[in-house]
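Structure file data-v9.csv; described as CSV, C-alpha atoms and all ligand atoms.
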```csv
chain,number,residue,atom,x,y,z
A,1,MET,CA,0.0,0.0,0.0
A,2,THR,CA,2.6,2.5,-1.0
A,3,ILE,CA,3.0,5.1,-3.7
A,4,ASN,CA,6.5,4.7,-5.3
A,5,ASP,CA,8.7,7.1,-7.3
A,6,SER,CA,7.5,5.8,-10.6
A,7,THR,CA,3.8,6.3,-9.5
A,8,LEU,CA,4.6,9.9,-8.6
A,9,ARG,CA,6.4,10.4,-12.0
A,10,LEU,CA,3.4,9.0,-13.8
A,11,ALA,CA,1.0,11.1,-11.7
A,12,ARG,CA,2.9,14.3,-12.7
A,13,GLN,CA,2.7,13.4,-16.4
A,14,MET,CA,-1.0,12.7,-16.0
A,15,ARG,CA,-1.7,16.0,-14.4
A,16,SER,CA,0.3,17.9,-17.0
A,17,GLN,CA,-1.5,16.2,-19.9
A,18,ILE,CA,-5.0,16.8,-18.3
A,19,GLU,CA,-4.1,20.4,-17.5
A,20,GLY,CA,-3.0,20.8,-21.1
A,21,HIS,CA,-6.5,19.9,-22.3
A,22,VAL,CA,-8.0,22.3,-19.7
A,23,ASP,CA,-5.6,25.1,-20.7
A,24,SER,CA,-6.4,24.8,-24.4
A,25,VAL,CA,-10.1,25.3,-23.7
A,26,THR,CA,-9.5,28.2,-21.3
A,27,ARG,CA,-7.2,29.9,-23.9
A,28,SER,CA,-9.8,29.5,-26.6
A,29,LEU,CA,-12.6,30.8,-24.4
A,30,THR,CA,-10.5,33.8,-23.4
A,31,ALA,CA,-9.8,34.6,-27.1
A,32,ALA,CA,-13.5,34.3,-28.0
A,33,TRP,CA,-14.4,36.8,-25.2
A,34,VAL,CA,-11.7,39.3,-26.3
A,35,ALA,CA,-12.9,39.1,-29.9
A,36,ALA,CA,-16.6,39.6,-28.8
A,37,TRP,CA,-15.7,42.6,-26.8
A,38,ASP,CA,-13.7,44.1,-29.6
A,39,ASP,CA,-16.8,43.9,-31.7
A,40,LEU,CA,-18.9,45.7,-29.1
A,41,THR,CA,-16.4,48.3,-28.0
A,42,ASP,CA,-17.1,50.9,-30.7
A,43,GLN,CA,-20.8,50.6,-30.2
A,44,TRP,CA,-20.4,51.1,-26.4
A,45,ALA,CA,-18.0,54.0,-26.8
A,46,ALA,CA,-20.6,55.8,-29.0
A,47,ALA,CA,-23.5,55.0,-26.6
A,48,VAL,CA,-21.5,56.1,-23.5
A,49,TYR,CA,-20.4,59.3,-25.2
A,50,ASP,CA,-24.1,60.1,-25.8
A,51,LEU,CA,-24.8,59.6,-22.1
A,52,VAL,CA,-21.9,61.8,-21.0
A,53,ALA,CA,-23.1,64.5,-23.3
A,54,ALA,CA,-26.7,64.2,-22.0
A,55,GLY,CA,-25.4,64.5,-18.4
A,56,ALA,CA,-23.3,67.5,-19.3
A,57,MET,CA,-26.3,69.3,-20.8
A,58,GLY,CA,-29.2,68.3,-18.7
A,59,ASN,CA,-28.2,67.5,-15.2
A,60,ASP,CA,-25.5,70.0,-14.0
A,61,GLY,CA,-22.8,67.7,-15.0
A,62,GLU,CA,-24.3,64.6,-13.3
A,63,TRP,CA,-24.5,61.2,-14.8
A,64,PRO,CA,-27.9,60.7,-16.5
A,65,SER,CA,-30.8,59.3,-14.4
A,66,ARG,CA,-32.0,55.7,-14.7
A,67,GLY,CA,-35.0,56.9,-16.7
A,68,GLN,CA,-32.7,58.9,-19.2
A,69,ILE,CA,-30.5,55.8,-19.6
A,70,ILE,CA,-33.4,53.6,-20.3
A,71,ARG,CA,-34.6,56.0,-23.0
A,72,ALA,CA,-31.1,56.3,-24.5
A,73,ALA,CA,-31.6,54.1,-27.7
A,74,ARG,CA,-27.9,53.6,-28.4
A,75,ALA,CA,-27.1,52.4,-24.9
A,76,MET,CA,-30.1,50.0,-24.9
A,77,HIS,CA,-29.0,48.7,-28.3
A,78,ALA,CA,-25.5,48.1,-27.1
A,79,LEU,CA,-26.8,46.3,-24.0
A,80,GLY,CA,-29.0,44.1,-26.2
A,81,ALA,CA,-26.0,43.3,-28.5
A,82,SER,CA,-23.9,42.5,-25.4
A,83,ARG,CA,-26.6,40.1,-24.2
A,84,SER,CA,-26.7,38.3,-27.6
A,85,ALA,CA,-22.9,38.0,-27.6
A,86,LEU,CA,-22.9,36.6,-24.1
A,87,THR,CA,-25.6,34.1,-25.0
A,88,GLU,CA,-23.4,32.9,-27.9
A,89,LEU,CA,-20.4,32.7,-25.6
A,90,ALA,CA,-22.3,30.7,-23.0
A,91,GLU,CA,-23.2,28.2,-25.7
A,92,LEU,CA,-19.6,28.2,-27.0
A,93,THR,CA,-18.4,27.4,-23.4
A,94,GLY,CA,-20.6,24.3,-23.3
A,95,GLN,CA,-19.6,23.2,-26.8
A,96,GLN,CA,-15.8,23.7,-26.3
A,97,ILE,CA,-15.8,21.7,-23.0
A,98,ALA,CA,-18.0,19.0,-24.4
A,99,ALA,CA,-15.7,18.6,-27.4
A,100,GLU,CA,-12.7,17.8,-25.2
A,101,LEU,CA,-14.5,15.4,-22.9
A,102,PRO,CA,-14.3,12.1,-24.8
A,103,VAL,CA,-10.5,12.3,-25.3
A,104,LEU,CA,-10.0,13.7,-21.8
A,105,THR,CA,-11.9,10.9,-20.0
A,106,GLY,CA,-10.3,8.2,-22.2
A,107,LYS,CA,-6.8,9.5,-21.3
A,108,ALA,CA,-7.7,9.8,-17.6
A,109,ALA,CA,-8.8,6.1,-17.5
A,110,GLN,CA,-5.6,5.0,-19.2
A,111,TRP,CA,-3.5,7.0,-16.8
A,112,GLU,CA,-5.3,5.4,-13.9
A,113,ALA,CA,-4.4,2.0,-15.2
A,114,ARG,CA,-0.8,3.0,-15.5
A,115,LEU,CA,-0.8,4.4,-12.0
A,116,ILE,CA,-2.1,1.0,-10.7
A,117,ALA,CA,0.4,-1.0,-12.8
A,118,SER,CA,3.3,1.0,-11.5
A,119,GLN,CA,2.7,-0.3,-8.0
A,120,MET,CA,2.9,-4.0,-8.9
A,121,PRO,CA,6.1,-6.0,-8.1
A,122,PRO,CA,8.6,-5.7,-11.0
A,123,THR,CA,8.5,-9.5,-11.4
A,124,MET,CA,5.0,-9.1,-12.7
A,125,GLY,CA,6.2,-7.3,-15.8
A,126,THR,CA,6.7,-3.7,-17.0
A,127,THR,CA,4.1,-1.0,-16.3
A,128,ALA,CA,3.2,-1.0,-20.0
A,129,GLU,CA,2.6,-4.8,-20.0
A,130,LEU,CA,0.6,-4.7,-16.8
A,131,THR,CA,-1.5,-1.7,-18.0
A,132,LEU,CA,-2.8,-3.8,-20.8
A,133,ALA,CA,-3.5,-6.7,-18.4
A,134,PHE,CA,-5.9,-4.7,-16.2
A,135,ASP,CA,-9.6,-4.5,-16.7
A,136,ARG,CA,-10.7,-1.4,-18.5
A,137,ALA,CA,-13.3,1.1,-17.6
A,138,GLY,CA,-16.1,0.3,-20.0
A,139,ASP,CA,-16.9,2.7,-22.9
A,140,ASP,CA,-20.5,3.0,-21.7
A,141,ALA,CA,-19.3,4.2,-18.3
A,142,LEU,CA,-17.0,6.8,-19.9
A,143,ARG,CA,-19.8,7.9,-22.2
A,144,TRP,CA,-22.0,8.3,-19.2
A,145,ILE,CA,-19.5,10.7,-17.6
A,146,VAL,CA,-19.2,12.7,-20.8
A,147,ASP,CA,-23.0,13.0,-21.1
A,148,ARG,CA,-23.5,13.9,-17.4
A,149,THR,CA,-20.6,16.5,-17.5
A,150,THR,CA,-22.1,18.1,-20.7
A,151,GLN,CA,-25.4,18.5,-19.0
A,152,GLN,CA,-23.9,19.9,-15.9
A,153,VAL,CA,-21.8,22.4,-17.9
A,154,THR,CA,-24.9,23.6,-19.7
A,155,VAL,CA,-26.8,24.1,-16.5
A,156,LEU,CA,-23.9,26.0,-14.9
A,157,ALA,CA,-23.1,28.1,-18.0
A,158,TRP,CA,-26.7,29.1,-18.5
A,159,PRO,CA,-26.9,31.9,-15.8
A,160,LEU,CA,-23.7,33.4,-17.1
A,161,THR,CA,-25.5,35.6,-19.7
A,162,ASP,CA,-28.0,37.0,-17.2
A,163,GLU,CA,-25.4,37.7,-14.6
A,164,ALA,CA,-23.0,39.5,-16.9
A,165,THR,CA,-25.7,41.5,-18.6
A,166,SER,CA,-27.2,42.6,-15.3
A,167,ASN,CA,-23.7,43.6,-14.1
A,168,MET,CA,-23.3,45.7,-17.1
A,169,ALA,CA,-26.8,47.3,-16.6
A,170,THR,CA,-25.8,48.0,-13.0
A,171,GLN,CA,-22.6,49.7,-14.1
A,172,LEU,CA,-24.5,51.8,-16.6
A,173,ILE,CA,-27.0,53.0,-14.1
A,174,ARG,CA,-24.5,53.6,-11.3
A,175,GLY,CA,-22.5,55.8,-13.7
A,176,VAL,CA,-19.2,57.6,-13.2
A,177,ALA,CA,-18.2,61.1,-12.1
A,178,LEU,CA,-18.3,63.3,-15.2
A,179,GLY,CA,-15.9,66.0,-14.2
A,180,HIS,CA,-14.3,68.3,-16.8
A,181,ASN,CA,-13.1,65.7,-19.2
A,182,PRO,CA,-16.0,63.9,-20.9
A,183,ARG,CA,-13.6,61.7,-22.9
A,184,ALA,CA,-12.0,60.4,-19.7
A,185,ALA,CA,-15.4,59.8,-18.1
A,186,ALA,CA,-16.5,57.9,-21.2
A,187,ARG,CA,-13.3,55.8,-21.1
A,188,ARG,CA,-13.9,54.9,-17.4
A,189,MET,CA,-17.4,53.9,-18.1
A,190,VAL,CA,-16.5,51.7,-21.1
A,191,HIS,CA,-13.8,50.1,-18.9
A,192,ASN,CA,-16.5,49.4,-16.2
A,193,LEU,CA,-18.8,47.8,-18.8
A,194,GLU,CA,-15.9,45.7,-20.0
A,195,SER,CA,-15.3,44.4,-16.5
A,196,GLY,CA,-19.0,43.4,-16.3
A,197,PHE,CA,-18.8,41.6,-19.6
A,198,ASN,CA,-15.6,39.8,-18.5
A,199,GLY,CA,-17.4,38.6,-15.4
A,200,GLY,CA,-19.0,36.1,-17.7
A,201,LEU,CA,-15.6,34.9,-18.8
A,202,ALA,CA,-14.4,34.4,-15.2
A,203,ARG,CA,-17.4,32.2,-14.7
A,204,ALA,CA,-16.9,30.3,-17.9
A,205,LEU,CA,-13.2,29.6,-17.0
A,206,THR,CA,-14.1,28.3,-13.6
A,207,ILE,CA,-16.7,26.0,-15.1
A,208,ALA,CA,-14.2,24.7,-17.7
A,209,ARG,CA,-11.4,24.1,-15.2
A,210,THR,CA,-13.6,22.6,-12.5
A,211,GLU,CA,-15.9,20.4,-14.6
A,212,MET,CA,-13.1,19.1,-16.9
A,213,ILE,CA,-10.9,18.1,-14.0
A,214,ASP,CA,-14.0,16.5,-12.3
A,215,ALA,CA,-14.7,14.5,-15.5
A,216,SER,CA,-11.2,13.2,-15.5
A,217,ARG,CA,-11.5,12.2,-11.9
A,218,ALA,CA,-14.8,10.5,-12.6
A,219,ALA,CA,-13.0,8.5,-15.4
A,220,SER,CA,-10.2,7.6,-12.9
A,221,PHE,CA,-12.9,6.5,-10.4
A,222,THR,CA,-14.5,4.3,-13.0
A,223,GLN,CA,-11.2,2.7,-13.9
A,224,ASP,CA,-10.6,2.0,-10.2
A,225,GLN,CA,-14.0,0.3,-9.9
A,226,ALA,CA,-13.0,-2.1,-12.6
A,227,ASN,CA,-10.0,-3.1,-10.6
A,228,THR,CA,-11.1,-3.2,-7.0
A,229,ASP,CA,-9.6,-6.7,-6.5
A,230,VAL,CA,-6.1,-5.2,-6.5
A,231,LEU,CA,-6.8,-1.8,-4.9
A,232,ALA,CA,-6.9,-0.8,-1.3
A,233,GLY,CA,-8.0,2.8,-1.7
A,234,TRP,CA,-6.8,6.1,-3.1
A,235,ARG,CA,-4.8,9.0,-1.8
A,236,TRP,CA,-5.4,12.7,-2.2
A,237,GLN,CA,-2.5,14.5,-3.9
A,238,ALA,CA,-2.2,18.2,-3.9
A,239,THR,CA,0.7,20.1,-5.6
A,240,LEU,CA,3.1,21.2,-2.9
A,241,SER,CA,3.7,24.8,-3.9
A,242,VAL,CA,3.3,28.2,-2.2
A,243,ARG,CA,0.2,28.7,-4.5
A,244,THR,CA,-1.6,25.8,-2.9
A,245,CYS,CA,-4.3,26.6,-0.4
A,246,PRO,CA,-4.3,25.4,3.3
A,247,SER,CA,-7.3,23.2,2.6
A,248,CYS,CA,-5.6,21.2,-0.2
A,249,LEU,CA,-2.4,21.0,1.8
A,250,ALA,CA,-4.4,19.5,4.8
A,251,MET,CA,-6.1,17.0,2.5
A,252,HIS,CA,-2.9,15.9,0.8
A,253,GLY,CA,-2.0,12.3,1.5
A,254,THR,CA,-5.3,11.4,3.1
A,255,VAL,CA,-6.5,7.9,2.4
A,256,HIS,CA,-10.0,7.2,1.0
A,257,PRO,CA,-12.0,4.1,0.2
A,258,ILE,CA,-11.8,3.1,-3.4
A,259,ASP,CA,-15.6,3.4,-3.9
A,260,GLU,CA,-15.5,7.1,-2.8
A,261,PRO,CA,-15.4,9.5,-5.7
A,262,GLY,CA,-13.0,12.5,-5.6
A,263,PRO,CA,-10.9,14.3,-4.8
A,264,TRP,CA,-13.6,16.8,-4.3
A,265,ASP,CA,-11.6,20.0,-3.8
A,266,HIS,CA,-12.9,23.6,-4.2
A,267,GLN,CA,-13.7,25.3,-7.6
A,268,ASN,CA,-10.7,25.6,-9.8
A,269,GLY,CA,-8.9,23.0,-7.7
A,270,ARG,CA,-6.4,20.7,-9.3
A,271,CYS,CA,-5.8,18.0,-6.8
A,272,ALA,CA,-5.4,14.4,-8.1
A,273,ARG,CA,-6.7,11.0,-7.2
A,274,VAL,CA,-3.8,8.5,-6.9
A,275,PRO,CA,-4.9,4.9,-6.6
A,276,VAL,CA,-3.1,2.7,-4.1
A,277,THR,CA,-2.8,-1.1,-4.5
A,278,LYS,CA,-3.2,-3.6,-1.7
A,279,SER,CA,0.1,-4.6,-0.1
A,280,TRP,CA,2.2,-7.1,-2.1
A,281,ARG,CA,1.6,-9.8,0.5
A,282,ASP,CA,-2.2,-9.2,0.3
A,283,LEU,CA,-1.8,-9.6,-3.5
A,284,GLY,CA,-0.1,-13.0,-2.9
A,285,PHE,CA,3.6,-12.0,-3.3
A,286,ASP,CA,6.1,-12.9,-0.6
A,287,LEU,CA,7.7,-9.5,-0.8
A,288,ASP,CA,8.0,-6.4,1.4
A,289,ASP,CA,6.4,-3.2,-0.1
A,290,PRO,CA,8.8,-0.4,-1.1
A,291,GLU,CA,9.0,2.8,1.0
A,292,ASP,CA,6.1,5.2,0.5
A,293,ALA,CA,7.4,8.1,-1.7
A,294,LEU,CA,4.4,10.5,-1.3
A,295,PRO,CA,5.9,13.6,0.4
A,296,ASP,CA,4.4,14.6,3.7
A,297,ALA,CA,2.7,18.0,3.3
A,298,ARG,CA,3.2,19.1,6.9
A,299,ALA,CA,6.9,18.3,6.9
A,300,TRP,CA,7.2,20.2,3.5
A,301,PHE,CA,5.3,23.2,5.0
A,302,ASP,CA,7.4,23.2,8.2
A,303,ASP,CA,10.6,23.4,6.1
A,304,LEU,CA,9.4,26.5,4.2
A,305,PRO,CA,10.9,30.0,4.9
A,306,GLN,CA,8.5,31.9,7.2
A,307,LYS,CA,7.6,34.4,4.4
A,308,ASP,CA,6.2,31.5,2.3
A,309,GLN,CA,4.3,30.1,5.2
A,310,VAL,CA,2.6,33.5,5.7
A,311,LYS,CA,1.9,33.7,2.0
A,312,ILE,CA,0.0,30.3,2.2
A,313,MET,CA,-1.7,30.7,5.5
A,314,GLY,CA,-2.0,34.4,6.2
A,315,PRO,CA,-0.5,35.7,9.5
A,316,GLU,CA,-3.3,34.8,11.9
A,317,ARG,CA,-4.0,31.3,10.6
A,318,LEU,CA,-0.3,30.6,10.7
A,319,ASP,CA,-0.1,31.9,14.3
A,320,LEU,CA,-3.0,29.7,15.4
A,321,LEU,CA,-1.4,26.7,13.7
A,322,THR,CA,2.2,27.1,15.0
A,323,SER,CA,1.1,27.8,18.5
A,324,GLY,CA,-0.8,24.5,18.4
A,325,ARG,CA,-4.2,26.1,19.1
A,326,VAL,CA,-5.6,24.6,15.9
A,327,SER,CA,-4.4,21.4,14.2
A,328,TRP,CA,-3.4,20.8,10.6
A,329,ASP,CA,-6.6,18.9,10.0
A,330,ASP,CA,-8.7,21.9,11.2
A,331,LEU,CA,-7.5,23.9,8.1
A,332,THR,CA,-10.0,22.2,5.8
A,333,THR,CA,-13.8,22.1,6.0
A,334,ARG,CA,-16.4,20.2,4.0
A,335,ARG,CA,-18.9,22.5,2.4
A,336,GLU,CA,-22.3,21.5,0.9
A,337,THR,CA,-23.3,23.5,-2.1
A,338,PRO,CA,-26.8,23.4,-3.6
A,339,ALA,CA,-26.8,22.1,-7.2
A,340,TRP,CA,-23.1,21.1,-7.0
A,341,ARG,CA,-21.1,18.5,-5.3
A,342,PRO,CA,-19.7,18.9,-1.7
A,343,SER,CA,-16.2,20.4,-1.6
A,344,GLN,CA,-13.3,20.8,0.8
A,345,VAL,CA,-12.6,24.4,1.3
A,346,VAL,CA,-10.3,26.5,3.5
A,347,THR,CA,-11.6,26.9,7.0
A,348,PRO,CA,-12.2,30.7,7.6
A,349,VAL,CA,-9.9,32.3,10.2
A,350,ARG,CA,-12.9,33.3,12.3
A,351,ASP,CA,-14.0,29.7,12.6
A,352,LEU,CA,-10.4,28.7,13.5
A,353,ARG,CA,-10.4,31.4,16.1
A,354,ASP,CA,-13.7,30.0,17.6
A,355,GLN,CA,-12.2,26.5,17.6
A,356,ALA,CA,-9.1,27.8,19.4
A,357,ARG,CA,-11.2,29.4,22.1
A,358,THR,CA,-13.2,26.2,22.8
A,359,PRO,CA,-11.0,24.0,25.0
A,360,ALA,CA,-10.3,20.6,23.6
A,361,VAL,CA,-12.4,17.9,25.3
A,362,THR,CA,-10.2,15.5,27.3
A,363,VAL,CA,-11.5,12.1,28.4
B,401,ZN,ZN,-6.9,24.3,-2.7
```

Starting from the file, lay out its structure as structure tokens.
Amino acid sequence: MTINDSTLRLARQMRSQIEGHVDSVTRSLTAAWVAAWDDLTDQWAAAVYDLVAAGAMGNDGEWPSRGQIIRAARAMHALGASRSALTELAELTGQQIAAELPVLTGKAAQWEARLIASQMPPTMGTTAELTLAFDRAGDDALRWIVDRTTQQVTVLAWPLTDEATSNMATQLIRGVALGHNPRAAARRMVHNLESGFNGGLARALTIARTEMIDASRAASFTQDQANTDVLAGWRWQATLSVRTCPSCLAMHGTVHPIDEPGPWDHQNGRCARVPVTKSWRDLGFDLDDPEDALPDARAWFDDLPQKDQVKIMGPERLDLLTSGRVSWDDLTTRRETPAWRPSQVVTPVRDLRDQARTPAVTV
């Protein structure tokens, strides 16, 4: 029941290949958003300049009233055009993600087989030979994951249009200070509108990253279910880096039953599921298992320079942890989210503070 160096090397390759698929979709969505805004920007510049001029004439240099804005034909037209563009972008988000899913899930299932094979005694054969010998996740099971993810993505992307359009309308009504330079005021307004429009992109990127990684984990899970005879469970693997959050660090290395899906980290999370085989003796080999090679997250963290520790934890969380008032495991909390799966998120500092105040129960 150990993860060896070769398993870790394969897990790294797996992650980089899966992230490559995710990155190609996020790059393409970003480019589509930029192009769509480019098409809208002249229309908005003209509409906003009208509003600035109306404010300068009618309202003692105040931004036009809500009623004036609603009567401003060019602004309403630009808002309608933005809504249409966002509707198309939301559809594109679903299509681009769905197009990657069959390849992505197929690869994830193959990688899982390799990760399992890498833990078998060398006398059994090479990882490549063994990978072929394992039972495969069925095509039907993988197709089911693709269909379910496609539906999920559609449901999640659907509100993106309304949210971004209503953010733009809010910006428009809130207005900007007009001052003496109408061009500068118009520029500020167009910039605010662009931020509202790009709020839709932020949501689309989160959906792409989260749902594509989840689909690859579901494919790994399915591969595991086809090989439960040799598996003891799976371990949660986070990237040990200063950009990794306290929740993922606390989950790193934890052991889970093989029939448990996951890892279910937070949105945009990139933790991996690493299958762990039964001990060699349990598999019928008279051999000792190799040393476990998965690094310990706490030991890694304790070795970091203090400035990096603060960067990861923030000063107060770090103080609570190093003074022993909260434990490493307290850093992560399971959150239930309506219409989405449960997730492990960073425990807020105020909750840690409360925990630290409550004395530990001793029996
Ligand atoms: Zn995290």

List every residue of chain A that has an atom at most 7 Å from any atom of ligand ZN 401 (chain B), and for each one report the closest atom pair and its distance in Å to one decimal, counting only C-alpha atoms and all ligand atoms, with rows sorted by chain and then by increasing residue number, as CSV.
```
residue,atom,partner,partner_atom,distance
A:Thr244,CA,B:ZN401,ZN,5.5
A:Cys245,CA,B:ZN401,ZN,4.2
A:Pro246,CA,B:ZN401,ZN,6.6
A:Ser247,CA,B:ZN401,ZN,5.4
A:Cys248,CA,B:ZN401,ZN,4.2
A:Asp265,CA,B:ZN401,ZN,6.5
A:His266,CA,B:ZN401,ZN,6.2
A:Gly269,CA,B:ZN401,ZN,5.5
A:Val345,CA,B:ZN401,ZN,7.0
```

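In this structure, atom CA of A:Ile18 sits 23.6 Å away from atom CA of A:Thr126.
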
How close does each residue of stretch 151-188 of chain A get to stretch 84-107 of chain A, giving the shortest atom pair and distance in Å to one decimal for every residue with an atom at most 7 Å away, counting only C-alpha atoms, sorted by chain and residue number, as JSON lines?
```
{"residue": "A:Val153", "atom": "CA", "partner": "A:Gly94", "partner_atom": "CA", "distance": 5.8}
{"residue": "A:Thr154", "atom": "CA", "partner": "A:Gly94", "partner_atom": "CA", "distance": 5.7}
{"residue": "A:Ala157", "atom": "CA", "partner": "A:Ala90", "partner_atom": "CA", "distance": 5.7}
{"residue": "A:Trp158", "atom": "CA", "partner": "A:Ala90", "partner_atom": "CA", "distance": 6.5}
{"residue": "A:Leu160", "atom": "CA", "partner": "A:Ala90", "partner_atom": "CA", "distance": 6.6}
{"residue": "A:Thr161", "atom": "CA", "partner": "A:Leu86", "partner_atom": "CA", "distance": 5.2}
```

Could the residues of stretch 259-302 of chain A that have an atom at most 8 Å from stretch 236-240 of chain A be listed as CSV, each with its closest atom pair and the distance in Å to one decimal, counting all atoms listed in the file and ordered by chain and ascending residue number?
```
residue,atom,partner,partner_atom,distance
A:Pro263,CA,A:Trp236,CA,6.3
A:Arg270,CA,A:Ala238,CA,7.3
A:Cys271,CA,A:Ala238,CA,4.6
A:Ala272,CA,A:Gln237,CA,5.1
A:Arg273,CA,A:Trp236,CA,5.4
A:Val274,CA,A:Trp236,CA,6.5
A:Ala297,CA,A:Leu240,CA,7.0
A:Trp300,CA,A:Leu240,CA,7.7
```

Spatial neighbours of A:Trp63, 12 Å, all atoms listed in the file, chain gap at least 2 places, as a VMD selection string: chain A and resid 48 to 61 65 to 69 171 to 179 182 185 to 186 189

Restricting the output to C-alpha atoms, write the selected residues as a PDB file, in the coordinates of the input.
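Result written to result.pdb:
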```pdb
ATOM      1  CA  VAL A  48     -21.500  56.100 -23.500  1.00  0.00           C
ATOM      2  CA  TYR A  49     -20.400  59.300 -25.200  1.00  0.00           C
ATOM      3  CA  ASP A  50     -24.100  60.100 -25.800  1.00  0.00           C
ATOM      4  CA  LEU A  51     -24.800  59.600 -22.100  1.00  0.00           C
ATOM      5  CA  VAL A  52     -21.900  61.800 -21.000  1.00  0.00           C
ATOM      6  CA  ALA A  53     -23.100  64.500 -23.300  1.00  0.00           C
ATOM      7  CA  ALA A  54     -26.700  64.200 -22.000  1.00  0.00           C
ATOM      8  CA  GLY A  55     -25.400  64.500 -18.400  1.00  0.00           C
ATOM      9  CA  ALA A  56     -23.300  67.500 -19.300  1.00  0.00           C
ATOM     10  CA  MET A  57     -26.300  69.300 -20.800  1.00  0.00           C
ATOM     11  CA  GLY A  58     -29.200  68.300 -18.700  1.00  0.00           C
ATOM     12  CA  ASN A  59     -28.200  67.500 -15.200  1.00  0.00           C
ATOM     13  CA  ASP A  60     -25.500  70.000 -14.000  1.00  0.00           C
ATOM     14  CA  GLY A  61     -22.800  67.700 -15.000  1.00  0.00           C
ATOM     15  CA  SER A  65     -30.800  59.300 -14.400  1.00  0.00           C
ATOM     16  CA  ARG A  66     -32.000  55.700 -14.700  1.00  0.00           C
ATOM     17  CA  GLY A  67     -35.000  56.900 -16.700  1.00  0.00           C
ATOM     18  CA  GLN A  68     -32.700  58.900 -19.200  1.00  0.00           C
ATOM     19  CA  ILE A  69     -30.500  55.800 -19.600  1.00  0.00           C
ATOM     20  CA  GLN A 171     -22.600  49.700 -14.100  1.00  0.00           C
ATOM     21  CA  LEU A 172     -24.500  51.800 -16.600  1.00  0.00           C
ATOM     22  CA  ILE A 173     -27.000  53.000 -14.100  1.00  0.00           C
ATOM     23  CA  ARG A 174     -24.500  53.600 -11.300  1.00  0.00           C
ATOM     24  CA  GLY A 175     -22.500  55.800 -13.700  1.00  0.00           C
ATOM     25  CA  VAL A 176     -19.200  57.600 -13.200  1.00  0.00           C
ATOM     26  CA  ALA A 177     -18.200  61.100 -12.100  1.00  0.00           C
ATOM     27  CA  LEU A 178     -18.300  63.300 -15.200  1.00  0.00           C
ATOM     28  CA  GLY A 179     -15.900  66.000 -14.200  1.00  0.00           C
ATOM     29  CA  PRO A 182     -16.000  63.900 -20.900  1.00  0.00           C
ATOM     30  CA  ALA A 185     -15.400  59.800 -18.100  1.00  0.00           C
ATOM     31  CA  ALA A 186     -16.500  57.900 -21.200  1.00  0.00           C
ATOM     32  CA  MET A 189     -17.400  53.900 -18.100  1.00  0.00           C
TER      33      MET A 189
END
```

The distance between atom CA of A:Phe285 and atom CA of A:Thr222 is 26.2 Å

Answer as a VMD selection string, residues within 10 Å of (3.5, 8.1, -4.6) using only C-alpha atoms: chain A and resid 1 to 11 115 118 to 119 235 237 253 274 to 276 291 to 295

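Of the residues under consideration (A:Asp351, A:Asp330, A:Asp282, A:Glu211), A:Glu211 shows the shortest atom-to-atom contact distance to A:Thr149 when counting only C-alpha atoms.
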
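Nearest to A:His77 of all the residues A:Gln43, A:Ser323, A:Gln110, A:Gln13 is A:Gln43, counting all atoms listed in the file.
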
Nearest residue to A:Ala45 from the set A:Leu231, A:Ala75, A:Ala113, A:Met124 (distances using all atoms listed in the file): A:Ala75

Report as a tab-separated table: every residue of stretch 155-237 of chain A with an atom at most 9 Å from stretch 27-38 of chain A, its closest pair of atoms, and their distance in Å to one decimal, counting only C-alpha atoms, with rows sorted by chain and ascending residue number.
```
residue	atom	partner	partner_atom	distance
A:Glu194	CA	A:Trp37	CA	7.5
A:Phe197	CA	A:Trp37	CA	7.9
A:Asn198	CA	A:Trp33	CA	7.4
A:Gly200	CA	A:Trp33	CA	8.8
A:Leu201	CA	A:Trp33	CA	6.8
A:Ala204	CA	A:Leu29	CA	7.8
A:Leu205	CA	A:Leu29	CA	7.5
```

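In this structure, atom CA of A:Thr165 sits 26.1 Å away from atom CA of A:Val22.
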
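Compared by their closest atoms to A:Arg350, and using all atoms listed in the file, the residues A:Asp329, A:Leu320, A:Ser166, A:Arg12 rank with A:Leu320 nearest.
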
For A:Val190, the nearest of the candidates A:Ser241, A:Gln306, A:Ser16, A:Thr41, counting all atoms listed in the file: A:Thr41

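Nearest-residue note for A:Pro261: choosing from A:Pro290, A:Pro348, A:Gly125, A:Pro342, the minimum distance belongs to A:Pro342, counting all atoms listed in the file.
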